[in-house]
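This is coords06.cif. It holds mmCIF, C-alpha atoms.
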data_target
#
loop_
_atom_site.label_atom_id
_atom_site.label_comp_id
_atom_site.auth_asym_id
_atom_site.auth_seq_id
_atom_site.Cartn_x
_atom_site.Cartn_y
_atom_site.Cartn_z
CA MET A 25 7.54 17.34 -28.95
CA THR A 26 8.68 14.03 -27.53
CA PRO A 27 6.70 11.14 -28.95
CA LYS A 28 4.71 9.27 -26.34
CA MET A 29 5.84 5.67 -25.96
CA ASP A 30 2.96 3.34 -25.18
CA ARG A 31 3.14 -0.09 -23.57
CA ARG A 32 2.89 -1.92 -26.88
CA ARG A 33 5.89 -0.12 -28.31
CA LEU A 34 7.84 -0.49 -25.10
CA LEU A 35 7.24 -4.23 -24.80
CA SER A 36 7.76 -4.83 -28.49
CA THR A 37 11.05 -2.95 -28.40
CA ALA A 38 12.17 -4.80 -25.31
CA VAL A 39 11.32 -8.22 -26.71
CA LEU A 40 12.40 -7.70 -30.27
CA GLY A 41 15.57 -5.96 -29.21
CA GLY A 42 16.36 -8.64 -26.69
CA ALA A 43 16.84 -6.06 -23.97
CA GLY A 44 15.57 -6.64 -20.48
CA LEU A 45 13.09 -4.22 -19.00
CA VAL A 46 13.77 -2.65 -15.68
CA GLY A 47 10.90 -3.15 -13.25
CA ALA A 48 10.10 0.50 -12.85
CA THR A 49 9.88 1.98 -16.31
CA ALA A 50 9.37 5.44 -17.65
CA LEU A 51 5.70 4.53 -17.90
CA GLY A 52 5.48 3.98 -14.18
CA SER A 53 4.25 0.83 -12.50
CA LEU A 54 3.90 -2.32 -14.56
CA ALA A 55 1.36 -3.68 -12.12
CA PRO A 56 -1.64 -4.86 -14.15
CA GLU A 57 -4.25 -2.56 -12.69
CA ALA A 58 -2.12 0.49 -13.37
CA ALA A 59 -0.85 -0.73 -16.68
CA PHE A 60 -4.11 -1.76 -18.26
CA ALA A 61 -6.16 1.15 -17.11
CA ALA A 62 -4.94 3.38 -19.89
CA GLU A 63 -4.94 0.84 -22.68
CA ALA A 64 -7.85 0.69 -25.11
CA GLN A 65 -8.74 -2.74 -26.42
CA PRO A 66 -10.16 -2.92 -29.93
CA VAL A 67 -11.61 -6.39 -29.36
CA GLU A 68 -15.35 -6.67 -29.96
CA PRO A 69 -17.52 -7.74 -27.02
CA GLY A 70 -17.95 -11.50 -27.17
CA ALA A 71 -14.87 -12.07 -29.31
CA PRO A 72 -11.64 -13.82 -28.29
CA ASP A 73 -8.82 -11.54 -27.16
CA PRO A 74 -5.59 -12.06 -29.13
CA ASN A 75 -3.64 -10.40 -26.32
CA PHE A 76 -4.68 -13.06 -23.82
CA ALA A 77 -3.63 -16.68 -23.52
CA GLU A 78 -4.38 -19.61 -21.23
CA GLY A 79 -3.15 -23.15 -20.99
CA ARG A 80 -0.66 -25.58 -19.46
CA ILE A 81 3.04 -24.85 -19.63
CA SER A 82 4.85 -27.50 -21.64
CA LYS A 83 8.33 -26.00 -21.95
CA ILE A 84 10.40 -23.24 -20.42
CA SER A 85 13.50 -21.88 -22.06
CA ALA A 86 15.42 -18.60 -22.18
CA GLY A 87 12.66 -16.37 -20.94
CA THR A 88 10.00 -18.03 -23.05
CA LEU A 89 7.10 -20.19 -21.97
CA LEU A 90 5.47 -22.59 -24.36
CA ALA A 91 1.93 -23.37 -23.33
CA THR A 92 -0.74 -25.60 -24.76
CA GLY A 93 -4.10 -23.91 -24.63
CA SER A 94 -7.09 -25.86 -23.41
CA ASP A 95 -8.42 -25.62 -26.97
CA GLY A 96 -5.20 -27.15 -28.28
CA VAL A 97 -3.65 -23.93 -29.55
CA LEU A 98 0.06 -23.51 -28.82
CA HIS A 99 1.20 -20.23 -27.27
CA SER A 100 4.70 -18.80 -27.11
CA ILE A 101 4.90 -16.33 -24.24
CA ARG A 102 7.87 -14.07 -23.76
CA VAL A 103 8.71 -12.96 -20.23
CA THR A 104 10.64 -9.74 -19.67
CA ASP A 105 12.00 -8.11 -16.53
CA GLY A 106 8.83 -6.03 -16.58
CA THR A 107 6.43 -8.98 -16.56
CA SER A 108 4.54 -9.36 -13.31
CA ILE A 109 4.14 -12.98 -12.26
CA TRP A 110 1.67 -14.29 -9.68
CA LYS A 111 1.79 -17.79 -8.27
CA LEU A 112 -0.20 -17.65 -5.04
CA TYR A 113 1.66 -14.39 -4.44
CA PRO A 114 3.79 -12.07 -6.60
CA THR A 115 6.88 -14.05 -7.54
CA THR A 116 9.63 -14.52 -10.07
CA PHE A 117 10.06 -16.39 -13.33
CA ASP A 118 12.16 -19.14 -11.76
CA GLN A 119 9.13 -20.27 -9.75
CA VAL A 120 7.18 -21.16 -12.88
CA ALA A 121 7.25 -24.89 -13.70
CA VAL A 122 6.36 -27.19 -16.54
CA GLY A 123 2.87 -28.52 -15.94
CA ASP A 124 1.59 -25.32 -14.36
CA GLY A 125 -1.61 -23.80 -15.67
CA MET A 126 -1.61 -20.11 -16.50
CA TYR A 127 -3.39 -17.07 -17.82
CA ALA A 128 -1.28 -14.42 -19.53
CA ARG A 129 -2.00 -10.93 -20.79
CA GLY A 130 0.30 -8.83 -22.89
CA VAL A 131 0.96 -7.70 -26.42
CA ARG A 132 0.81 -10.02 -29.41
CA LEU A 133 3.89 -9.47 -31.54
CA PRO A 134 3.97 -9.89 -35.32
CA ASP A 135 5.55 -13.35 -35.03
CA GLY A 136 2.67 -14.53 -32.85
CA THR A 137 4.60 -14.42 -29.58
CA LEU A 138 2.76 -12.89 -26.64
CA ALA A 139 5.01 -10.38 -24.84
CA ALA A 140 3.58 -10.74 -21.36
CA ASP A 141 2.65 -7.88 -19.09
CA SER A 142 1.24 -10.28 -16.51
CA ILE A 143 1.12 -14.01 -15.95
CA TRP A 144 -1.09 -15.62 -13.34
CA VAL A 145 0.16 -19.12 -12.65
CA ASN A 146 -2.25 -21.82 -11.45
CA ILE A 147 -4.70 -19.14 -10.35
CA VAL A 148 -8.23 -20.29 -9.58
CA ASN A 149 -11.26 -18.36 -8.40
CA LEU A 150 -13.79 -20.90 -7.19
CA HIS A 151 -17.33 -20.50 -5.95
CA ALA A 152 -18.00 -23.37 -3.60
CA HIS A 153 -19.64 -24.64 -0.44
CA ILE A 154 -17.61 -25.70 2.54
CA ALA A 155 -18.20 -29.43 2.95
CA ALA A 156 -15.80 -30.02 5.83
CA VAL A 157 -13.20 -28.18 7.83
CA GLY A 158 -9.94 -29.86 8.83
CA ARG A 159 -6.70 -28.78 10.40
CA ASN A 160 -5.43 -26.11 8.03
CA THR A 161 -7.71 -27.37 5.25
CA LEU A 162 -11.12 -26.63 3.84
CA HIS A 163 -12.93 -29.31 1.88
CA LEU A 164 -14.94 -27.60 -0.80
CA ASP A 165 -17.83 -28.75 -2.95
CA HIS A 166 -17.26 -27.08 -6.31
CA LYS A 167 -19.76 -28.00 -9.01
CA GLY A 168 -19.99 -31.51 -7.60
CA GLN A 169 -16.25 -31.89 -7.39
CA ARG A 170 -14.38 -32.12 -4.08
CA ILE A 171 -11.51 -29.65 -3.73
CA VAL A 172 -9.05 -29.71 -0.84
CA ALA A 173 -8.02 -26.14 -0.06
CA HIS A 174 -4.92 -25.69 2.09
CA VAL A 175 -4.44 -22.79 4.44
CA VAL A 176 -0.96 -21.31 4.03
CA PRO A 177 0.11 -19.85 7.37
CA GLY A 178 1.12 -16.24 7.10
CA LEU A 179 -0.40 -15.89 3.65
CA SER A 180 -3.99 -17.12 3.48
CA ALA A 181 -6.57 -14.53 4.42
CA ALA A 182 -10.31 -14.31 4.87
CA VAL A 183 -12.69 -11.50 4.03
CA TYR A 184 -15.90 -11.84 6.01
CA ASN A 185 -18.64 -9.89 4.27
CA SER A 186 -16.70 -6.74 3.46
CA THR A 187 -14.45 -6.64 6.49
CA PRO A 188 -10.73 -6.09 5.91
CA ALA A 189 -8.82 -9.29 5.17
CA VAL A 190 -7.72 -11.16 8.28
CA SER A 191 -5.57 -14.24 8.82
CA ASP A 192 -8.12 -15.87 11.12
CA LEU A 193 -10.06 -18.42 9.05
CA SER A 194 -11.77 -19.98 12.05
CA LEU A 195 -15.10 -18.32 11.28
CA LEU A 196 -15.47 -20.39 8.13
CA LYS A 197 -18.12 -23.01 8.84
CA VAL A 198 -19.46 -26.07 7.09
CA GLY A 199 -22.27 -25.24 4.69
CA ARG A 200 -21.20 -21.68 4.03
CA HIS A 201 -20.84 -20.44 0.50
CA VAL A 202 -17.43 -19.00 -0.28
CA GLN A 203 -15.36 -17.60 -3.09
CA VAL A 204 -11.81 -18.91 -2.92
CA LEU A 205 -8.96 -17.26 -4.77
CA GLY A 206 -5.93 -19.49 -4.77
CA ALA A 207 -3.36 -21.51 -6.64
CA TRP A 208 -4.02 -24.98 -8.01
CA HIS A 209 -1.60 -27.83 -7.32
CA PRO A 210 -1.19 -29.23 -10.84
CA ASP A 211 -2.78 -32.59 -11.59
CA THR A 212 -4.50 -32.79 -8.21
CA ASN A 213 -7.79 -31.68 -6.68
CA GLU A 214 -5.90 -29.47 -4.24
CA ILE A 215 -5.30 -25.73 -4.07
CA SER A 216 -3.53 -23.30 -1.75
CA ILE A 217 -5.67 -20.47 -0.44
CA ALA A 218 -4.79 -16.85 -1.09
CA THR A 219 -8.09 -15.26 -0.07
CA VAL A 220 -11.46 -16.63 1.01
CA TYR A 221 -14.48 -14.36 0.60
CA ALA A 222 -17.31 -15.44 2.88
CA ALA A 223 -20.81 -14.09 3.15
CA ALA A 224 -22.23 -13.09 6.50
CA MET B 11 -30.71 2.62 -18.16
CA ALA B 12 -28.69 4.19 -15.35
CA ALA B 13 -25.45 2.44 -14.53
CA LEU B 14 -25.84 -0.34 -11.98
CA VAL B 15 -23.22 -0.20 -9.25
CA GLY B 16 -22.08 -3.33 -7.45
CA GLU B 17 -19.27 -5.86 -7.33
CA MET B 18 -17.53 -7.81 -10.07
CA SER B 19 -15.48 -10.97 -10.02
CA TRP B 20 -14.27 -13.47 -12.62
CA PHE B 21 -14.97 -17.08 -13.53
CA CYS B 22 -13.56 -19.59 -15.98
CA CYS B 23 -15.54 -21.44 -18.63
CA GLY B 24 -15.06 -23.51 -21.75
CA ASN B 25 -12.08 -25.77 -22.21
CA ALA B 26 -9.90 -25.24 -19.17
CA TRP B 27 -7.25 -26.69 -16.88
CA GLY B 28 -7.51 -27.60 -13.20
CA PRO B 29 -10.75 -27.22 -11.26
CA CYS B 30 -12.09 -25.13 -14.13
CA GLY B 31 -12.18 -28.22 -16.29
CA SER B 32 -15.63 -29.11 -14.95
CA THR B 33 -17.30 -25.78 -15.63
CA GLY B 34 -18.48 -26.22 -19.24
CA ARG B 35 -19.58 -23.55 -21.68
CA GLY B 36 -22.13 -21.85 -19.47
CA ALA B 37 -25.88 -21.40 -19.71
CA CYS B 38 -25.66 -19.97 -23.21
CA GLY B 39 -23.37 -22.73 -24.47
CA THR B 40 -20.88 -20.21 -25.84
CA CYS B 41 -18.68 -19.29 -22.90
CA ASN B 42 -14.88 -19.28 -23.23
CA SER B 43 -12.35 -17.96 -20.73
CA GLY B 44 -10.44 -16.26 -23.55
CA ASN B 45 -13.44 -14.29 -24.87
CA TYR B 46 -14.87 -10.96 -23.76
CA GLN B 47 -17.93 -12.43 -22.07
CA HIS B 48 -19.72 -12.33 -18.76
CA ALA B 49 -22.27 -13.97 -16.54
CA TRP B 50 -25.42 -12.01 -15.70
CA PRO B 51 -27.77 -12.84 -12.80
CA ASN B 52 -30.91 -12.13 -14.81
CA ALA B 53 -30.06 -13.88 -18.05
CA SER B 54 -33.44 -15.69 -18.02
CA ALA B 55 -36.36 -16.43 -15.73
CA ALA B 56 -34.78 -19.73 -14.72
CA CYS B 57 -31.49 -17.99 -14.01
CA PHE B 58 -33.20 -15.33 -11.92
CA THR B 59 -34.82 -17.94 -9.67
CA ILE B 60 -31.33 -19.15 -8.77
CA THR B 61 -29.45 -15.88 -8.37
CA ARG B 62 -32.26 -13.76 -6.85
CA PRO B 63 -30.63 -10.32 -6.92
CA ASP B 64 -34.01 -8.89 -5.86
CA SER B 65 -33.57 -10.49 -2.45
CA CYS B 66 -30.63 -8.11 -1.95
CA GLY B 67 -32.61 -5.12 -3.22
CA VAL B 68 -30.90 -5.11 -6.60
CA ASN B 69 -33.21 -4.28 -9.49
CA MET B 70 -31.67 -5.86 -12.55
CA THR B 71 -33.03 -5.85 -16.10
CA ARG B 72 -33.48 -9.22 -17.80
CA ARG B 73 -31.01 -9.57 -20.66
CA GLY B 74 -30.45 -12.70 -22.72
CA CYS B 75 -27.50 -14.49 -24.20
CA GLY B 76 -25.31 -12.27 -26.36
CA PHE B 77 -26.49 -8.96 -24.89
CA ARG B 78 -23.72 -6.38 -24.45
CA HIS B 79 -22.85 -4.80 -21.15
CA TYR B 80 -20.01 -2.41 -20.38
CA THR B 81 -18.30 -2.79 -17.03
CA THR B 82 -16.18 -0.11 -15.39
CA ASN B 83 -13.69 -0.90 -12.64
CA LEU B 84 -14.34 1.76 -10.01
CA CYS B 85 -10.77 1.38 -8.72
CA ASN B 86 -9.14 2.70 -11.88
CA GLY B 87 -11.88 3.80 -14.29
CA SER B 88 -11.01 1.26 -16.97
CA ARG B 89 -13.87 -0.24 -18.95
CA ILE B 90 -14.62 -3.36 -20.96
CA GLY B 91 -17.48 -4.42 -23.24
CA THR B 92 -18.63 -8.03 -22.98
CA THR B 93 -21.57 -10.22 -23.96
CA ILE B 94 -23.70 -12.47 -21.79
CA ALA B 95 -22.60 -16.11 -21.94
CA ASP B 96 -23.71 -17.53 -18.60
CA CYS B 97 -25.99 -17.16 -15.61
CA GLY B 98 -24.43 -15.72 -12.46
CA PRO B 99 -23.10 -14.64 -10.07
CA GLN B 100 -25.36 -15.96 -7.34
CA THR B 101 -26.07 -12.55 -5.88
CA ASP B 102 -28.26 -13.75 -3.02
CA LEU B 103 -25.44 -15.75 -1.41
CA PHE B 104 -23.47 -12.58 -0.76
CA CYS B 105 -26.29 -10.14 0.02
CA GLY B 106 -24.99 -6.86 1.37
CA GLU B 107 -21.34 -7.61 0.63
CA ARG B 108 -19.43 -4.42 -0.12
CA SER B 109 -16.12 -3.73 -1.86
CA CYS B 110 -14.37 -0.39 -1.88
CA CYS B 111 -11.39 1.38 -3.39
CA GLY B 112 -11.10 4.42 -1.20
CA SER B 113 -14.45 6.15 -1.42
CA ALA B 114 -15.55 4.22 -4.53
CA CYS B 115 -17.70 1.36 -3.31
CA GLY B 116 -20.07 -1.23 -4.73
CA SER B 117 -22.47 -3.52 -2.90
CA ASN B 118 -23.76 -6.91 -4.02
CA ARG B 119 -22.39 -9.11 -6.76
CA ILE B 120 -23.81 -8.09 -10.10
CA ILE B 121 -21.46 -9.47 -12.75
CA ASP B 122 -18.76 -12.09 -13.31
CA LEU B 123 -16.34 -11.56 -16.19
CA THR B 124 -14.27 -14.13 -18.01
CA PRO B 125 -10.52 -14.06 -17.24
CA ALA B 126 -9.79 -12.43 -20.61
CA ALA B 127 -12.24 -9.61 -19.87
CA TYR B 128 -11.50 -9.14 -16.17
CA SER B 129 -7.75 -9.00 -16.77
CA VAL B 130 -8.18 -6.02 -19.10
CA ILE B 131 -9.52 -3.86 -16.28
CA ALA B 132 -8.10 -5.50 -13.14
CA SER B 133 -5.59 -8.07 -12.02
CA LEU B 134 -6.99 -11.59 -11.73
CA SER B 135 -5.33 -11.81 -8.33
CA SER B 136 -7.60 -9.02 -7.06
CA GLY B 137 -10.56 -11.42 -7.09
CA LEU B 138 -13.29 -8.90 -6.35
CA ARG B 139 -13.71 -5.22 -7.21
CA PRO B 140 -16.38 -2.52 -7.10
CA CYS B 141 -17.79 -1.77 -10.53
CA SER B 142 -20.53 -0.11 -12.50
CA VAL B 143 -22.36 -1.76 -15.38
CA ASP B 144 -24.23 -0.04 -18.18
CA THR B 145 -25.45 -0.78 -21.70
CA VAL B 146 -23.77 1.95 -23.73
#
Would you encode the structure as structure tokens?
Amino acid sequence: MTPKMDRRRLLSTAVLGGAGLVGATALGSLAPEAAFAAEAQPVEPGAPDPNFAEGRISKISAGTLLATGSDGVLHSIRVTDGTSIWKLYPTTFDQVAVGDGMYARGVRLPDGTLAADSIWVNIVNLHAHIAAVGRNTLHLDHKGQRIVAHVVPGLSAAVYNSTPAVSDLSLLKVGRHVQVLGAWHPDTNEISIATVYAAA
Amino acid sequence: MAALVGEMSWFCCGNAWGPCGSTGRGACGTCNSGNYQHAWPNASAACFTITRPDSCGVNMTRRGCGFRHYTTNLCNGSRIGTTIADCGPQTDLFCGERSCCGSACGSNRIIDLTPAAYSVIASLSSGLRPCSVDTV
């Protein structure tokens, strides 16, 4: 009987062996929702997850990101050809920059490196009120902080109370409560909009 | 308790970068983005007066800080156990909202997971998913 190779073994082998992973592997899609569905997590509810990291990227070299966690912990994150990267949209490793914020999920290797399945760069998911509407911008009130959210033509979409996502954001009005999924512009109060969810 | 079906999203808390830096440690004072935790709309009487899931017809049991819930992503069947660390989401602001994956649907926002928890069962870039929540 052929032994079943799980994601942990696959990623560990790829990283430790220095071999690149091909995007479509014998395990099928490496997209997070498909990949993580089958993987049991032994982490206790309430506890920190060792296979997850967040922070600001301080150095990039040879397929490795060094990130400083918001709690001061340093993370070494290894990117393989199989790592999915999101930065406003699915993208590639060369689009990641020093200073970006990130969340990463993967497999913690014995040396402490996180072999990343997925990295979400600068991703934010804000609950806010629309304070003003400008040309291709929304001014959001988020926990008392003003956020300038930029509409990206051809990319930004709106979901109006369960309807399919549309590119027309003109129905967003001042005073409405929204959830905005987007990408932060580092060291500013600005974001680019991926999707706005608006109530009726 | 029968599983409660609705919508899930994610939120950041604790030490954080970007706009998340202003969010703090949540109503329970323990919330961290990297922990398996969640926000619950009926985490206390004071919380309930803000979130008002009842105004959307959602009957939700009051559970306090540290209580365990198990959330299943109805898009892929994956499941995660988390503890209450904050009050939310504000269900009444999205009354009647509905998310579906094919024929699997959930209406009304019933839970927000931390990024560490949400990313176990869905991609953070998905933003919103139908889910079921139970206690065992």
Residues returned when the PyMOL selection byres ((chain B) within 6 of (chain A)) runs on this file, as a VMD selection string:
chain B and resid 25 to 26 44 to 47 88 91 to 93 104 107 to 108 130 132 to 133
Residues from last step as file, C-alpha atoms, as a PDB file, keeping the file's coordinate frame:
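Wrote it out as again31.pdb, contents follow:
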ATOM      1  CA  ASN B  25     -12.080 -25.770 -22.210  1.00  0.00           C
ATOM      2  CA  ALA B  26      -9.900 -25.240 -19.170  1.00  0.00           C
ATOM      3  CA  GLY B  44     -10.440 -16.260 -23.550  1.00  0.00           C
ATOM      4  CA  ASN B  45     -13.440 -14.290 -24.870  1.00  0.00           C
ATOM      5  CA  TYR B  46     -14.870 -10.960 -23.760  1.00  0.00           C
ATOM      6  CA  GLN B  47     -17.930 -12.430 -22.070  1.00  0.00           C
ATOM      7  CA  SER B  88     -11.010   1.260 -16.970  1.00  0.00           C
ATOM      8  CA  GLY B  91     -17.480  -4.420 -23.240  1.00  0.00           C
ATOM      9  CA  THR B  92     -18.630  -8.030 -22.980  1.00  0.00           C
ATOM     10  CA  THR B  93     -21.570 -10.220 -23.960  1.00  0.00           C
ATOM     11  CA  PHE B 104     -23.470 -12.580  -0.760  1.00  0.00           C
ATOM     12  CA  GLU B 107     -21.340  -7.610   0.630  1.00  0.00           C
ATOM     13  CA  ARG B 108     -19.430  -4.420  -0.120  1.00  0.00           C
ATOM     14  CA  VAL B 130      -8.180  -6.020 -19.100  1.00  0.00           C
ATOM     15  CA  ALA B 132      -8.100  -5.500 -13.140  1.00  0.00           C
ATOM     16  CA  SER B 133      -5.590  -8.070 -12.020  1.00  0.00           C
TER      17      SER B 133
END
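Coordinates place CA of Ala139 in chain A at a distance of 13.4 Å from CA of Ala91 in chain A.
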Since I can't run it myself right now, could you work out what the PyMOL selection byres ((chain B and resi 60) around 12) selects here and report it as an mmCIF file with C-alpha atoms, in the frame of the given file?
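What ended up in selection13.cif:
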data_model
loop_
_atom_site.group_PDB
_atom_site.id
_atom_site.type_symbol
_atom_site.label_atom_id
_atom_site.label_comp_id
_atom_site.auth_asym_id
_atom_site.auth_seq_id
_atom_site.Cartn_x
_atom_site.Cartn_y
_atom_site.Cartn_z
ATOM 1 C CA TRP B 50 -25.420 -12.010 -15.700
ATOM 2 C CA PRO B 51 -27.770 -12.840 -12.800
ATOM 3 C CA ASN B 52 -30.910 -12.130 -14.810
ATOM 4 C CA ALA B 53 -30.060 -13.880 -18.050
ATOM 5 C CA SER B 54 -33.440 -15.690 -18.020
ATOM 6 C CA ALA B 55 -36.360 -16.430 -15.730
ATOM 7 C CA ALA B 56 -34.780 -19.730 -14.720
ATOM 8 C CA CYS B 57 -31.490 -17.990 -14.010
ATOM 9 C CA PHE B 58 -33.200 -15.330 -11.920
ATOM 10 C CA THR B 59 -34.820 -17.940 -9.670
ATOM 11 C CA THR B 61 -29.450 -15.880 -8.370
ATOM 12 C CA ARG B 62 -32.260 -13.760 -6.850
ATOM 13 C CA PRO B 63 -30.630 -10.320 -6.920
ATOM 14 C CA ASP B 64 -34.010 -8.890 -5.860
ATOM 15 C CA SER B 65 -33.570 -10.490 -2.450
ATOM 16 C CA CYS B 97 -25.990 -17.160 -15.610
ATOM 17 C CA GLY B 98 -24.430 -15.720 -12.460
ATOM 18 C CA PRO B 99 -23.100 -14.640 -10.070
ATOM 19 C CA GLN B 100 -25.360 -15.960 -7.340
ATOM 20 C CA THR B 101 -26.070 -12.550 -5.880
ATOM 21 C CA ASP B 102 -28.260 -13.750 -3.020
ATOM 22 C CA LEU B 103 -25.440 -15.750 -1.410
#
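Our summary of the geometry notes that CA of Ala114 in chain B is positioned 13.4 Å from CA of Leu138 in chain B.
Rounded to one decimal, CA of Cys105 in chain B and CA of His174 in chain A lie 26.5 Å from each other.
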Could you add N, CA, C and O atoms to range 77-94 of chain A and give me the result as a tab-separated table (two decimals), in the coordinates of the input?
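Written output follows (rebuild.tsv):
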chain	number	residue	atom	x	y	z
A	77	ALA	N	-3.85	-15.26	-23.27
A	77	ALA	CA	-3.63	-16.68	-23.52
A	77	ALA	C	-3.85	-17.47	-22.24
A	77	ALA	O	-3.66	-16.95	-21.14
A	78	GLU	N	-4.26	-18.71	-22.38
A	78	GLU	CA	-4.38	-19.61	-21.23
A	78	GLU	C	-3.92	-20.99	-21.65
A	78	GLU	O	-3.94	-21.31	-22.84
A	79	GLY	N	-3.53	-21.79	-20.67
A	79	GLY	CA	-3.15	-23.15	-20.99
A	79	GLY	C	-2.20	-23.74	-19.97
A	79	GLY	O	-2.00	-23.17	-18.89
A	80	ARG	N	-1.63	-24.89	-20.31
A	80	ARG	CA	-0.66	-25.58	-19.46
A	80	ARG	C	0.72	-25.38	-20.04
A	80	ARG	O	0.93	-25.52	-21.25
A	81	ILE	N	1.67	-25.11	-19.19
A	81	ILE	CA	3.04	-24.85	-19.63
A	81	ILE	C	3.73	-26.17	-19.97
A	81	ILE	O	3.79	-27.09	-19.14
A	82	SER	N	4.22	-26.26	-21.19
A	82	SER	CA	4.85	-27.50	-21.64
A	82	SER	C	6.36	-27.39	-21.75
A	82	SER	O	7.06	-28.41	-21.77
A	83	LYS	N	6.89	-26.17	-21.83
A	83	LYS	CA	8.33	-26.00	-21.95
A	83	LYS	C	8.72	-24.61	-21.49
A	83	LYS	O	7.98	-23.66	-21.71
A	84	ILE	N	9.88	-24.54	-20.87
A	84	ILE	CA	10.40	-23.24	-20.42
A	84	ILE	C	11.84	-23.14	-20.90
A	84	ILE	O	12.65	-24.02	-20.64
A	85	SER	N	12.11	-22.05	-21.62
A	85	SER	CA	13.50	-21.88	-22.06
A	85	SER	C	13.78	-20.41	-22.34
A	85	SER	O	12.98	-19.74	-22.99
A	86	ALA	N	14.90	-19.93	-21.86
A	86	ALA	CA	15.42	-18.60	-22.18
A	86	ALA	C	14.35	-17.51	-22.16
A	86	ALA	O	14.19	-16.76	-23.11
A	87	GLY	N	13.64	-17.43	-21.08
A	87	GLY	CA	12.66	-16.37	-20.94
A	87	GLY	C	11.39	-16.56	-21.74
A	87	GLY	O	10.59	-15.64	-21.88
A	88	THR	N	11.20	-17.75	-22.27
A	88	THR	CA	10.00	-18.03	-23.05
A	88	THR	C	9.27	-19.24	-22.47
A	88	THR	O	9.88	-20.25	-22.14
A	89	LEU	N	7.95	-19.08	-22.36
A	89	LEU	CA	7.10	-20.19	-21.97
A	89	LEU	C	6.37	-20.70	-23.19
A	89	LEU	O	5.85	-19.90	-23.98
A	90	LEU	N	6.35	-22.00	-23.36
A	90	LEU	CA	5.47	-22.59	-24.36
A	90	LEU	C	4.30	-23.21	-23.62
A	90	LEU	O	4.51	-23.96	-22.65
A	91	ALA	N	3.12	-22.88	-24.02
A	91	ALA	CA	1.93	-23.37	-23.33
A	91	ALA	C	0.94	-23.94	-24.33
A	91	ALA	O	0.79	-23.41	-25.44
A	92	THR	N	0.31	-25.00	-23.93
A	92	THR	CA	-0.74	-25.60	-24.76
A	92	THR	C	-2.09	-25.14	-24.23
A	92	THR	O	-2.45	-25.44	-23.08
A	93	GLY	N	-2.79	-24.40	-25.04
A	93	GLY	CA	-4.10	-23.91	-24.63
A	93	GLY	C	-5.09	-25.06	-24.46
A	93	GLY	O	-4.93	-26.13	-25.05
A	94	SER	N	-6.10	-24.82	-23.64
A	94	SER	CA	-7.09	-25.86	-23.41
A	94	SER	C	-7.85	-26.22	-24.68
A	94	SER	O	-8.47	-27.27	-24.76
